[in-house]
$ cat target-v3.pdb   # PDB, C-alpha atoms
ATOM      1  CA  MET A 966       8.997 -20.095  19.876
ATOM      2  CA  ALA A 967       6.952 -16.985  19.477
ATOM      3  CA  ILE A 968       4.799 -15.355  16.837
ATOM      4  CA  GLU A 969       6.654 -13.194  14.354
ATOM      5  CA  VAL A 970       4.931  -9.960  13.390
ATOM      6  CA  ARG A 971       6.174  -8.182  10.278
ATOM      7  CA  ILE A 972       5.837  -4.421  10.488
ATOM      8  CA  PRO A 973       5.490  -2.087   7.459
ATOM      9  CA  THR A 974       7.809   0.891   7.032
ATOM     10  CA  ILE A 975       5.219   3.430   8.099
ATOM     11  CA  LEU A 976       4.703   1.757  11.496
ATOM     12  CA  ARG A 977       8.349   1.121  12.344
ATOM     13  CA  THR A 978       8.430   4.292  14.415
ATOM     14  CA  TYR A 979       6.655   2.131  17.007
ATOM     15  CA  THR A 980       9.205  -0.684  16.852
ATOM     16  CA  GLY A 981      12.441   1.290  17.003
ATOM     17  CA  GLY A 982      12.864   0.734  13.278
ATOM     18  CA  ALA A 983      12.565  -3.052  13.488
ATOM     19  CA  LYS A 984      11.063  -4.812  10.438
ATOM     20  CA  SER A 985       9.686  -7.566  12.600
ATOM     21  CA  VAL A 986       8.932  -8.085  16.269
ATOM     22  CA  GLU A 987       7.806 -11.044  18.316
ATOM     23  CA  GLY A 988       4.880 -11.557  20.600
ATOM     24  CA  SER A 989       2.560 -14.140  22.045
ATOM     25  CA  GLY A 990      -1.107 -14.763  22.633
ATOM     26  CA  ALA A 991      -3.948 -17.145  21.887
ATOM     27  CA  THR A 992      -5.790 -14.820  19.515
ATOM     28  CA  LEU A 993      -4.821 -11.913  17.305
ATOM     29  CA  ALA A 994      -6.358  -9.560  19.886
ATOM     30  CA  ASP A 995      -4.152 -11.053  22.631
ATOM     31  CA  LEU A 996      -1.105 -10.797  20.417
ATOM     32  CA  LEU A 997      -1.738  -7.116  19.673
ATOM     33  CA  ASP A 998      -2.241  -6.419  23.376
ATOM     34  CA  ASP A 999       1.049  -8.174  24.111
ATOM     35  CA  LEU A1000       2.854  -6.101  21.454
ATOM     36  CA  GLU A1001       1.369  -2.907  22.865
ATOM     37  CA  SER A1002       3.136  -3.561  26.170
ATOM     38  CA  ARG A1003       6.484  -3.125  24.398
ATOM     39  CA  HIS A1004       5.525  -0.994  21.391
ATOM     40  CA  ASN A1005       3.307   1.705  22.798
ATOM     41  CA  GLY A1006       0.920   3.226  20.256
ATOM     42  CA  LEU A1007       1.054   0.401  17.717
ATOM     43  CA  HIS A1008      -2.280  -1.048  18.834
ATOM     44  CA  ASP A1009      -4.268   2.078  18.005
ATOM     45  CA  ARG A1010      -2.826   2.196  14.499
ATOM     46  CA  LEU A1011      -4.240  -1.271  13.843
ATOM     47  CA  VAL A1012      -7.460  -1.359  15.821
ATOM     48  CA  ASP A1013     -10.329   1.039  16.459
ATOM     49  CA  ASP A1014     -13.618   0.691  18.333
ATOM     50  CA  ALA A1015     -15.088  -1.359  15.493
ATOM     51  CA  GLY A1016     -12.217  -3.864  15.305
ATOM     52  CA  LEU A1017      -9.370  -4.019  12.835
ATOM     53  CA  ARG A1018      -9.013  -0.727  11.027
ATOM     54  CA  ARG A1019     -10.538  -0.819   7.575
ATOM     55  CA  PHE A1020      -7.420   0.343   5.757
ATOM     56  CA  VAL A1021      -4.954  -1.933   7.458
ATOM     57  CA  ASN A1022      -4.454  -5.441   6.101
ATOM     58  CA  VAL A1023      -3.409  -8.070   8.612
ATOM     59  CA  TYR A1024      -2.443 -11.524   7.412
ATOM     60  CA  LEU A1025      -1.991 -14.701   9.407
ATOM     61  CA  ASN A1026       0.564 -16.741   7.493
ATOM     62  CA  ASP A1027      -0.915 -16.695   3.960
ATOM     63  CA  GLU A1028      -4.466 -15.623   4.750
ATOM     64  CA  ASP A1029      -6.180 -12.279   5.311
ATOM     65  CA  VAL A1030      -7.354 -12.425   8.947
ATOM     66  CA  ARG A1031     -10.695 -10.937   7.887
ATOM     67  CA  PHE A1032     -11.461 -14.408   6.562
ATOM     68  CA  LEU A1033     -10.306 -16.043   9.812
ATOM     69  CA  GLY A1034     -12.381 -14.151  12.342
ATOM     70  CA  GLY A1035     -10.482 -10.869  12.546
ATOM     71  CA  LEU A1036      -9.292 -10.030  16.047
ATOM     72  CA  SER A1037     -10.621 -13.325  17.393
ATOM     73  CA  ALA A1038      -8.563 -15.377  14.925
ATOM     74  CA  PRO A1039      -6.580 -17.994  16.856
ATOM     75  CA  VAL A1040      -2.784 -17.711  16.629
ATOM     76  CA  ARG A1041      -0.023 -19.951  17.873
ATOM     77  CA  ASP A1042       3.735 -20.139  18.203
ATOM     78  CA  GLY A1043       5.469 -20.371  14.862
ATOM     79  CA  ASP A1044       2.832 -18.330  13.030
ATOM     80  CA  THR A1045       3.786 -15.243  11.081
ATOM     81  CA  VAL A1046       1.554 -12.197  11.146
ATOM     82  CA  THR A1047       2.109  -9.599   8.416
ATOM     83  CA  VAL A1048       0.770  -6.068   8.601
ATOM     84  CA  LEU A1049       0.426  -4.062   5.371
ATOM     85  CA  PRO A1050      -1.357  -0.747   5.030
ATOM     86  CA  ALA A1051      -4.025  -1.009   2.348
ATOM     87  CA  VAL A1052      -3.137   0.837  -0.832
ATOM     88  CA  ALA A1053      -6.277   2.773  -1.589
ATOM     89  CA  GLY A1054      -7.697   6.105  -2.607
ATOM     90  CA  GLY A1055     -10.123   7.686  -4.972
ATOM     91  CA  MET A1056     -11.115  10.830  -6.706
ATOM     92  CA  ARG A1057     -13.160  12.368  -3.892
TER      93      ARG A1057
ATOM     94  CA  MET B 369      11.954  14.307  -8.886
ATOM     95  CA  LEU B 370      10.712  11.107 -10.474
ATOM     96  CA  THR B 371      12.865   9.685 -13.240
ATOM     97  CA  ILE B 372      11.032   7.046 -15.273
ATOM     98  CA  SER B 373      11.515   5.370 -18.614
ATOM     99  CA  ARG B 374       9.240   6.256 -21.513
ATOM    100  CA  ALA B 375       8.210   2.598 -21.767
ATOM    101  CA  LEU B 376       7.037   2.432 -18.136
ATOM    102  CA  GLN B 377       5.189   5.712 -18.448
ATOM    103  CA  ALA B 378       3.429   4.335 -21.516
ATOM    104  CA  GLN B 379       2.487   1.153 -19.632
ATOM    105  CA  ILE B 380       0.838   3.152 -16.842
ATOM    106  CA  LEU B 381      -1.098   5.271 -19.315
ATOM    107  CA  ALA B 382      -2.171   2.195 -21.295
ATOM    108  CA  HIS B 383      -3.376   0.438 -18.130
ATOM    109  CA  ALA B 384      -5.399   3.518 -17.152
ATOM    110  CA  ARG B 385      -7.016   3.707 -20.589
ATOM    111  CA  ALA B 386      -7.750  -0.016 -20.627
ATOM    112  CA  ASP B 387      -9.565   0.057 -17.268
ATOM    113  CA  HIS B 388     -11.430   3.302 -17.916
ATOM    114  CA  PRO B 389     -14.134   4.103 -16.737
ATOM    115  CA  ASP B 390     -12.892   2.302 -13.606
ATOM    116  CA  GLU B 391      -9.829   3.543 -11.777
ATOM    117  CA  ALA B 392      -6.656   1.593 -12.559
ATOM    118  CA  CYS B 393      -3.860   1.070 -10.034
ATOM    119  CA  GLY B 394      -0.508  -0.607  -9.659
ATOM    120  CA  VAL B 395       3.093  -0.492  -8.591
ATOM    121  CA  ILE B 396       6.471  -0.123 -10.208
ATOM    122  CA  ALA B 397       9.068  -1.913  -8.143
ATOM    123  CA  GLY B 398      12.742  -1.061  -8.111
ATOM    124  CA  PRO B 399      15.848  -2.097  -6.196
ATOM    125  CA  ALA B 400      15.614  -0.972  -2.560
ATOM    126  CA  GLY B 401      17.246   2.393  -2.077
ATOM    127  CA  SER B 402      17.724   2.985  -5.814
ATOM    128  CA  ASP B 403      14.739   5.315  -6.376
ATOM    129  CA  HIS B 404      14.667   3.716  -9.820
ATOM    130  CA  PRO B 405      11.349   2.237 -11.044
ATOM    131  CA  GLU B 406      11.969  -0.908 -13.110
ATOM    132  CA  ARG B 407       9.355  -3.662 -12.773
ATOM    133  CA  PHE B 408       5.795  -2.869 -13.855
ATOM    134  CA  ILE B 409       3.143  -4.584 -11.739
ATOM    135  CA  PRO B 410      -0.454  -3.737 -12.689
ATOM    136  CA  MET B 411      -2.797  -4.534  -9.805
ATOM    137  CA  ALA B 412      -6.478  -5.397  -9.759
ATOM    138  CA  ASN B 413      -8.713  -2.662  -8.416
ATOM    139  CA  ALA B 414     -10.689  -4.685  -5.873
ATOM    140  CA  GLU B 415     -13.326  -1.944  -5.780
ATOM    141  CA  ARG B 416     -13.863  -1.980  -9.581
ATOM    142  CA  SER B 417     -15.079   1.565  -9.253
ATOM    143  CA  PRO B 418     -14.856   4.780 -11.272
ATOM    144  CA  THR B 419     -14.316   6.760  -8.057
ATOM    145  CA  PHE B 420     -12.266   4.535  -5.770
ATOM    146  CA  TYR B 421      -9.430   2.064  -5.862
ATOM    147  CA  ARG B 422      -8.021  -0.444  -3.459
ATOM    148  CA  PHE B 423      -5.442  -3.137  -4.072
ATOM    149  CA  ASP B 424      -6.822  -6.631  -3.590
ATOM    150  CA  SER B 425      -5.446  -7.686  -0.201
ATOM    151  CA  MET B 426      -4.231 -11.134  -1.246
ATOM    152  CA  GLU B 427      -2.619  -9.855  -4.429
ATOM    153  CA  GLN B 428      -0.934  -7.132  -2.398
ATOM    154  CA  LEU B 429       0.505  -9.688   0.030
ATOM    155  CA  ALA B 430       1.911 -11.758  -2.842
ATOM    156  CA  VAL B 431       3.433  -8.729  -4.569
ATOM    157  CA  TRP B 432       4.892  -7.248  -1.355
ATOM    158  CA  ARG B 433       6.430 -10.612  -0.460
ATOM    159  CA  GLN B 434       7.931 -10.941  -3.906
ATOM    160  CA  MET B 435       9.436  -7.461  -3.610
ATOM    161  CA  ASP B 436      10.873  -8.405  -0.218
ATOM    162  CA  GLU B 437      12.474 -11.541  -1.651
ATOM    163  CA  ARG B 438      13.983  -9.583  -4.523
ATOM    164  CA  ASP B 439      15.166  -6.766  -2.245
ATOM    165  CA  GLU B 440      12.874  -4.341  -4.037
ATOM    166  CA  GLU B 441      10.503  -1.664  -2.846
ATOM    167  CA  PRO B 442       7.463   0.084  -4.328
ATOM    168  CA  VAL B 443       9.228   3.007  -6.011
ATOM    169  CA  VAL B 444       6.048   4.148  -7.773
ATOM    170  CA  ILE B 445       2.433   3.633  -6.694
ATOM    171  CA  TYR B 446       0.103   4.751  -9.440
ATOM    172  CA  HIS B 447      -3.606   5.132  -9.977
ATOM    173  CA  SER B 448      -5.934   6.900 -12.337
ATOM    174  CA  HIS B 449      -8.686   9.415 -11.893
ATOM    175  CA  THR B 450     -11.348   8.992 -14.510
ATOM    176  CA  ALA B 451     -13.262  12.270 -14.343
ATOM    177  CA  THR B 452     -11.055  14.670 -12.390
ATOM    178  CA  GLU B 453      -7.543  16.043 -12.628
ATOM    179  CA  ALA B 454      -4.432  14.005 -11.865
ATOM    180  CA  TYR B 455      -4.021  15.448  -8.383
ATOM    181  CA  PRO B 456      -4.309  13.604  -5.031
ATOM    182  CA  SER B 457      -7.792  13.757  -3.535
ATOM    183  CA  ARG B 458      -8.509  13.991   0.175
ATOM    184  CA  THR B 459      -9.045  10.233   0.131
ATOM    185  CA  ASP B 460      -5.702   9.641  -1.582
ATOM    186  CA  ILE B 461      -3.960  11.733   1.056
ATOM    187  CA  ALA B 462      -5.779  10.089   3.958
ATOM    188  CA  TYR B 463      -4.770   6.570   2.888
ATOM    189  CA  ALA B 464      -1.262   7.243   1.576
ATOM    190  CA  SER B 465       0.936   4.861   3.513
ATOM    191  CA  GLU B 466       4.261   4.654   1.686
ATOM    192  CA  PRO B 467       6.108   7.883   2.501
ATOM    193  CA  GLY B 468       9.085   6.775   0.394
ATOM    194  CA  ALA B 469       7.068   6.169  -2.779
ATOM    195  CA  HIS B 470       6.368   8.401  -5.741
ATOM    196  CA  TYR B 471       2.590   8.631  -6.035
ATOM    197  CA  VAL B 472       1.848   8.877  -9.728
ATOM    198  CA  LEU B 473      -1.583  10.045 -10.807
ATOM    199  CA  VAL B 474      -2.905   9.962 -14.310
ATOM    200  CA  SER B 475      -6.248  11.178 -15.567
ATOM    201  CA  THR B 476      -8.314   9.609 -18.305
ATOM    202  CA  ARG B 477     -10.971  12.349 -18.320
ATOM    203  CA  GLU B 478      -9.825  13.538 -21.787
ATOM    204  CA  PRO B 479      -9.532  10.736 -24.350
ATOM    205  CA  GLU B 480      -6.811  12.511 -26.334
ATOM    206  CA  VAL B 481      -4.848  14.181 -23.522
ATOM    207  CA  ALA B 482      -2.425  12.323 -21.258
ATOM    208  CA  GLU B 483      -2.119  13.761 -17.756
ATOM    209  CA  PHE B 484       0.754  12.227 -15.816
ATOM    210  CA  ARG B 485       1.934  13.806 -12.555
ATOM    211  CA  SER B 486       3.965  12.649  -9.559
ATOM    212  CA  PHE B 487       3.689  13.516  -5.886
ATOM    213  CA  ARG B 488       5.155  12.759  -2.508
ATOM    214  CA  ILE B 489       2.528  12.220   0.152
ATOM    215  CA  ALA B 490       3.750  12.036   3.736
ATOM    216  CA  ASP B 491       2.075  12.977   7.008
ATOM    217  CA  GLY B 492      -0.903  14.376   5.134
ATOM    218  CA  VAL B 493       1.221  16.767   3.073
ATOM    219  CA  VAL B 494       1.257  16.622  -0.741
ATOM    220  CA  THR B 495       4.285  17.832  -2.651
ATOM    221  CA  GLU B 496       4.243  17.728  -6.439
ATOM    222  CA  GLU B 497       7.556  16.870  -8.062
ATOM    223  CA  ASP B 498       9.005  17.091 -11.551
ATOM    224  CA  VAL B 499       8.849  14.037 -13.802
ATOM    225  CA  ARG B 500      11.795  13.296 -16.034
ATOM    226  CA  VAL B 501      11.051  10.800 -18.778
ATOM    227  CA  GLU B 502      14.067   9.189 -20.364
TER     228      GLU B 502
END
$ encode --input "target-v3.pdb" --output "structure tokens"
Amino acid sequence: MAIEVRIPTILRTYTGGAKSVEGSGATLADLLDDLESRHNGLHDRLVDDAGLRRFVNVYLNDEDVRFLGGLSAPVRDGDTVTVLPAVAGGMR
Amino acid sequence: MLTISRALQAQILAHARADHPDEACGVIAGPAGSDHPERFIPMANAERSPTFYRFDSMEQLAVWRQMDERDEEPVVIYHSHTATEAYPSRTDIAYASEPGAHYVLVSTREPEVAEFRSFRIADGVVTEEDVRVE
């Protein structure tokens, strides 16, 4: 078994249109590195120098990974990771 | 062009007035591919701010999952501006992430005047569209 990663519409250009892809790793950081090897460019849309990008939500199963250690959150086979762009804005 | 029912338009405007002076935000879901907004889903503004909005991340996950299960998509994503016109700000454009959605903006700056406008925002480009209320 692998880890399923659900990809939002706006990032499917990196997955050949696929709604979900699979990967492996011991932590979220490992998993994203593994995905990058097959989906070039995806990593930089999710991560910057400071860690997970502020306006990208990443969930491990039913929890926001920000509450689980962010990129160092442990993951394992059978988990589902969901990526959703934050819906945000403001008047300025 | 956005085609929306009078009842849904009224619900958006009422939500914006109710949350004023904070920005209000939410989604109207519709069947995938239909371009038809049907199900009104007001969202919490996690920022509780008069100048910024952000969907609460856990509420967003629940709502997006529910839409997936029902084969729906976010046809309309709406929010209010409380002191400026109903036009996408630089921040709105920078964070717009649903190129298929109608971005509806309302303004509550004038208590007696309803401003309700719709835009497409994709790749940093804003295009205003007509709104047909039926």
$ residues_around --input "target-v3.pdb" --residues "region 449-453 of chain B" --least-positions-apart "3" --cutoff "12 Å" --atoms "all atoms listed in the file" --output "compact mmCIF listing (two decimals) with C-alpha atoms, keeping the file's coordinate frame"
# COMPACT_ATOMS: atom_id res chain seq x y z
CA GLY A 1054 -7.70 6.10 -2.61
CA GLY A 1055 -10.12 7.69 -4.97
CA MET A 1056 -11.12 10.83 -6.71
CA ARG A 1057 -13.16 12.37 -3.89
CA LEU B 381 -1.10 5.27 -19.32
CA ALA B 384 -5.40 3.52 -17.15
CA ARG B 385 -7.02 3.71 -20.59
CA ALA B 386 -7.75 -0.02 -20.63
CA ASP B 387 -9.56 0.06 -17.27
CA HIS B 388 -11.43 3.30 -17.92
CA PRO B 389 -14.13 4.10 -16.74
CA ASP B 390 -12.89 2.30 -13.61
CA GLU B 391 -9.83 3.54 -11.78
CA ALA B 392 -6.66 1.59 -12.56
CA CYS B 393 -3.86 1.07 -10.03
CA SER B 417 -15.08 1.56 -9.25
CA PRO B 418 -14.86 4.78 -11.27
CA THR B 419 -14.32 6.76 -8.06
CA PHE B 420 -12.27 4.54 -5.77
CA TYR B 421 -9.43 2.06 -5.86
CA TYR B 446 0.10 4.75 -9.44
CA PRO B 456 -4.31 13.60 -5.03
CA SER B 457 -7.79 13.76 -3.54
CA ASP B 460 -5.70 9.64 -1.58
CA VAL B 472 1.85 8.88 -9.73
CA LEU B 473 -1.58 10.04 -10.81
CA VAL B 474 -2.90 9.96 -14.31
CA SER B 475 -6.25 11.18 -15.57
CA THR B 476 -8.31 9.61 -18.30
CA ARG B 477 -10.97 12.35 -18.32
CA GLU B 478 -9.82 13.54 -21.79
CA PRO B 479 -9.53 10.74 -24.35
CA VAL B 481 -4.85 14.18 -23.52
CA ALA B 482 -2.42 12.32 -21.26
CA GLU B 483 -2.12 13.76 -17.76
CA PHE B 484 0.75 12.23 -15.82
CA ARG B 485 1.93 13.81 -12.56
$ closest_residue --input "target-v3.pdb" --among "A:Thr980, A:Ser1002, A:Thr1047, A:Ser1037" --to "Leu1017 (chain A)" --atoms "all atoms listed in the file"
A:Ser1037
$ residues_around --input "target-v3.pdb" --residues "Arg1019 (chain A)" --least-positions-apart "3" --cutoff "12 Å" --atoms "only C-alpha atoms" --output "list in words"
Arg1010, Leu1011, Val1012, Asp1013, Asp1014, Ala1015, Gly1016, Asn1022, Val1023, Arg1031, Gly1035, Leu1049, Pro1050, Ala1051, Val1052 and Ala1053 of chain A; Arg422, Ser425 and Tyr463 of chain B
$ atom_distance --input "target-v3.pdb" --atom1 "CA of His447 (chain B)" --atom2 "CA of Met411 (chain B)"
9.7 Å
$ resolve_selection --input "target-v3.pdb" --expression "the PyMOL selection byres ((chain B and resi 438-443) around 12)" --output "number ranges by chain"
A: 973-974, 1052; B: 369-372, 394-409, 428, 431-437, 444-446, 465-472, 486-488
$ write_last_selection --input "target-v3.pdb" --atoms "C-alpha atoms" --output "PDB file, in the frame of the given file"
ATOM      1  CA  PRO A 973       5.490  -2.087   7.459  1.00  0.00           C
ATOM      2  CA  THR A 974       7.809   0.891   7.032  1.00  0.00           C
ATOM      3  CA  VAL A1052      -3.137   0.837  -0.832  1.00  0.00           C
TER       4      VAL A1052
ATOM      5  CA  MET B 369      11.954  14.307  -8.886  1.00  0.00           C
ATOM      6  CA  LEU B 370      10.712  11.107 -10.474  1.00  0.00           C
ATOM      7  CA  THR B 371      12.865   9.685 -13.240  1.00  0.00           C
ATOM      8  CA  ILE B 372      11.032   7.046 -15.273  1.00  0.00           C
ATOM      9  CA  GLY B 394      -0.508  -0.607  -9.659  1.00  0.00           C
ATOM     10  CA  VAL B 395       3.093  -0.492  -8.591  1.00  0.00           C
ATOM     11  CA  ILE B 396       6.471  -0.123 -10.208  1.00  0.00           C
ATOM     12  CA  ALA B 397       9.068  -1.913  -8.143  1.00  0.00           C
ATOM     13  CA  GLY B 398      12.742  -1.061  -8.111  1.00  0.00           C
ATOM     14  CA  PRO B 399      15.848  -2.097  -6.196  1.00  0.00           C
ATOM     15  CA  ALA B 400      15.614  -0.972  -2.560  1.00  0.00           C
ATOM     16  CA  GLY B 401      17.246   2.393  -2.077  1.00  0.00           C
ATOM     17  CA  SER B 402      17.724   2.985  -5.814  1.00  0.00           C
ATOM     18  CA  ASP B 403      14.739   5.315  -6.376  1.00  0.00           C
ATOM     19  CA  HIS B 404      14.667   3.716  -9.820  1.00  0.00           C
ATOM     20  CA  PRO B 405      11.349   2.237 -11.044  1.00  0.00           C
ATOM     21  CA  GLU B 406      11.969  -0.908 -13.110  1.00  0.00           C
ATOM     22  CA  ARG B 407       9.355  -3.662 -12.773  1.00  0.00           C
ATOM     23  CA  PHE B 408       5.795  -2.869 -13.855  1.00  0.00           C
ATOM     24  CA  ILE B 409       3.143  -4.584 -11.739  1.00  0.00           C
ATOM     25  CA  GLN B 428      -0.934  -7.132  -2.398  1.00  0.00           C
ATOM     26  CA  VAL B 431       3.433  -8.729  -4.569  1.00  0.00           C
ATOM     27  CA  TRP B 432       4.892  -7.248  -1.355  1.00  0.00           C
ATOM     28  CA  ARG B 433       6.430 -10.612  -0.460  1.00  0.00           C
ATOM     29  CA  GLN B 434       7.931 -10.941  -3.906  1.00  0.00           C
ATOM     30  CA  MET B 435       9.436  -7.461  -3.610  1.00  0.00           C
ATOM     31  CA  ASP B 436      10.873  -8.405  -0.218  1.00  0.00           C
ATOM     32  CA  GLU B 437      12.474 -11.541  -1.651  1.00  0.00           C
ATOM     33  CA  VAL B 444       6.048   4.148  -7.773  1.00  0.00           C
ATOM     34  CA  ILE B 445       2.433   3.633  -6.694  1.00  0.00           C
ATOM     35  CA  TYR B 446       0.103   4.751  -9.440  1.00  0.00           C
ATOM     36  CA  SER B 465       0.936   4.861   3.513  1.00  0.00           C
ATOM     37  CA  GLU B 466       4.261   4.654   1.686  1.00  0.00           C
ATOM     38  CA  PRO B 467       6.108   7.883   2.501  1.00  0.00           C
ATOM     39  CA  GLY B 468       9.085   6.775   0.394  1.00  0.00           C
ATOM     40  CA  ALA B 469       7.068   6.169  -2.779  1.00  0.00           C
ATOM     41  CA  HIS B 470       6.368   8.401  -5.741  1.00  0.00           C
ATOM     42  CA  TYR B 471       2.590   8.631  -6.035  1.00  0.00           C
ATOM     43  CA  VAL B 472       1.848   8.877  -9.728  1.00  0.00           C
ATOM     44  CA  SER B 486       3.965  12.649  -9.559  1.00  0.00           C
ATOM     45  CA  PHE B 487       3.689  13.516  -5.886  1.00  0.00           C
ATOM     46  CA  ARG B 488       5.155  12.759  -2.508  1.00  0.00           C
TER      47      ARG B 488
END
$ build_atoms --input "target-v3.pdb" --residues "region 1013-1032 of chain A" --atoms "N, CA and C atoms" --output "mmCIF file, in the frame of the given file"
data_model
loop_
_atom_site.group_PDB
_atom_site.id
_atom_site.type_symbol
_atom_site.label_atom_id
_atom_site.label_comp_id
_atom_site.auth_asym_id
_atom_site.auth_seq_id
_atom_site.Cartn_x
_atom_site.Cartn_y
_atom_site.Cartn_z
ATOM 1 N N ASP A 1013 -9.496 -0.032 15.912
ATOM 2 C CA ASP A 1013 -10.329 1.039 16.459
ATOM 3 C C ASP A 1013 -11.515 0.396 17.170
ATOM 4 N N ASP A 1014 -12.497 1.207 17.536
ATOM 5 C CA ASP A 1014 -13.618 0.691 18.333
ATOM 6 C C ASP A 1014 -14.375 -0.417 17.609
ATOM 7 N N ALA A 1015 -14.323 -0.383 16.272
ATOM 8 C CA ALA A 1015 -15.088 -1.359 15.493
ATOM 9 C C ALA A 1015 -14.291 -2.633 15.208
ATOM 10 N N GLY A 1016 -13.036 -2.683 15.602
ATOM 11 C CA GLY A 1016 -12.217 -3.864 15.305
ATOM 12 C C GLY A 1016 -10.992 -3.453 14.522
ATOM 13 N N LEU A 1017 -10.533 -4.359 13.662
ATOM 14 C CA LEU A 1017 -9.370 -4.019 12.835
ATOM 15 C C LEU A 1017 -9.695 -2.820 11.964
ATOM 16 N N ARG A 1018 -8.771 -1.906 11.855
ATOM 17 C CA ARG A 1018 -9.013 -0.727 11.027
ATOM 18 C C ARG A 1018 -9.235 -1.139 9.571
ATOM 19 N N ARG A 1019 -10.113 -0.409 8.909
ATOM 20 C CA ARG A 1019 -10.538 -0.819 7.575
ATOM 21 C C ARG A 1019 -9.393 -0.766 6.572
ATOM 22 N N PHE A 1020 -8.472 0.176 6.755
ATOM 23 C CA PHE A 1020 -7.420 0.343 5.757
ATOM 24 C C PHE A 1020 -6.075 -0.191 6.219
ATOM 25 N N VAL A 1021 -6.149 -1.182 7.092
ATOM 26 C CA VAL A 1021 -4.954 -1.933 7.458
ATOM 27 C C VAL A 1021 -5.237 -3.389 7.119
ATOM 28 N N ASN A 1022 -4.331 -4.013 6.383
ATOM 29 C CA ASN A 1022 -4.454 -5.441 6.101
ATOM 30 C C ASN A 1022 -3.582 -6.203 7.083
ATOM 31 N N VAL A 1023 -4.172 -7.203 7.722
ATOM 32 C CA VAL A 1023 -3.409 -8.070 8.612
ATOM 33 C C VAL A 1023 -3.564 -9.494 8.099
ATOM 34 N N TYR A 1024 -2.437 -10.156 7.943
ATOM 35 C CA TYR A 1024 -2.443 -11.524 7.412
ATOM 36 C C TYR A 1024 -1.890 -12.473 8.472
ATOM 37 N N LEU A 1025 -2.525 -13.623 8.570
ATOM 38 C CA LEU A 1025 -1.991 -14.701 9.407
ATOM 39 C C LEU A 1025 -1.422 -15.745 8.446
ATOM 40 N N ASN A 1026 -0.126 -15.904 8.476
ATOM 41 C CA ASN A 1026 0.564 -16.741 7.493
ATOM 42 C C ASN A 1026 0.165 -16.263 6.091
ATOM 43 N N ASP A 1027 -0.592 -17.075 5.338
ATOM 44 C CA ASP A 1027 -0.915 -16.695 3.960
ATOM 45 C C ASP A 1027 -2.346 -16.208 3.782
ATOM 46 N N GLU A 1028 -3.037 -15.944 4.875
ATOM 47 C CA GLU A 1028 -4.466 -15.623 4.750
ATOM 48 C C GLU A 1028 -4.771 -14.259 5.372
ATOM 49 N N ASP A 1029 -5.692 -13.535 4.752
ATOM 50 C CA ASP A 1029 -6.180 -12.279 5.311
ATOM 51 C C ASP A 1029 -6.999 -12.620 6.571
ATOM 52 N N VAL A 1030 -6.659 -12.024 7.705
ATOM 53 C CA VAL A 1030 -7.354 -12.425 8.947
ATOM 54 C C VAL A 1030 -8.843 -12.093 8.923
ATOM 55 N N ARG A 1031 -9.252 -11.216 7.984
ATOM 56 C CA ARG A 1031 -10.695 -10.937 7.887
ATOM 57 C C ARG A 1031 -11.471 -12.206 7.565
ATOM 58 N N PHE A 1032 -10.791 -13.146 6.899
ATOM 59 C CA PHE A 1032 -11.461 -14.408 6.562
ATOM 60 C C PHE A 1032 -11.295 -15.450 7.665
#
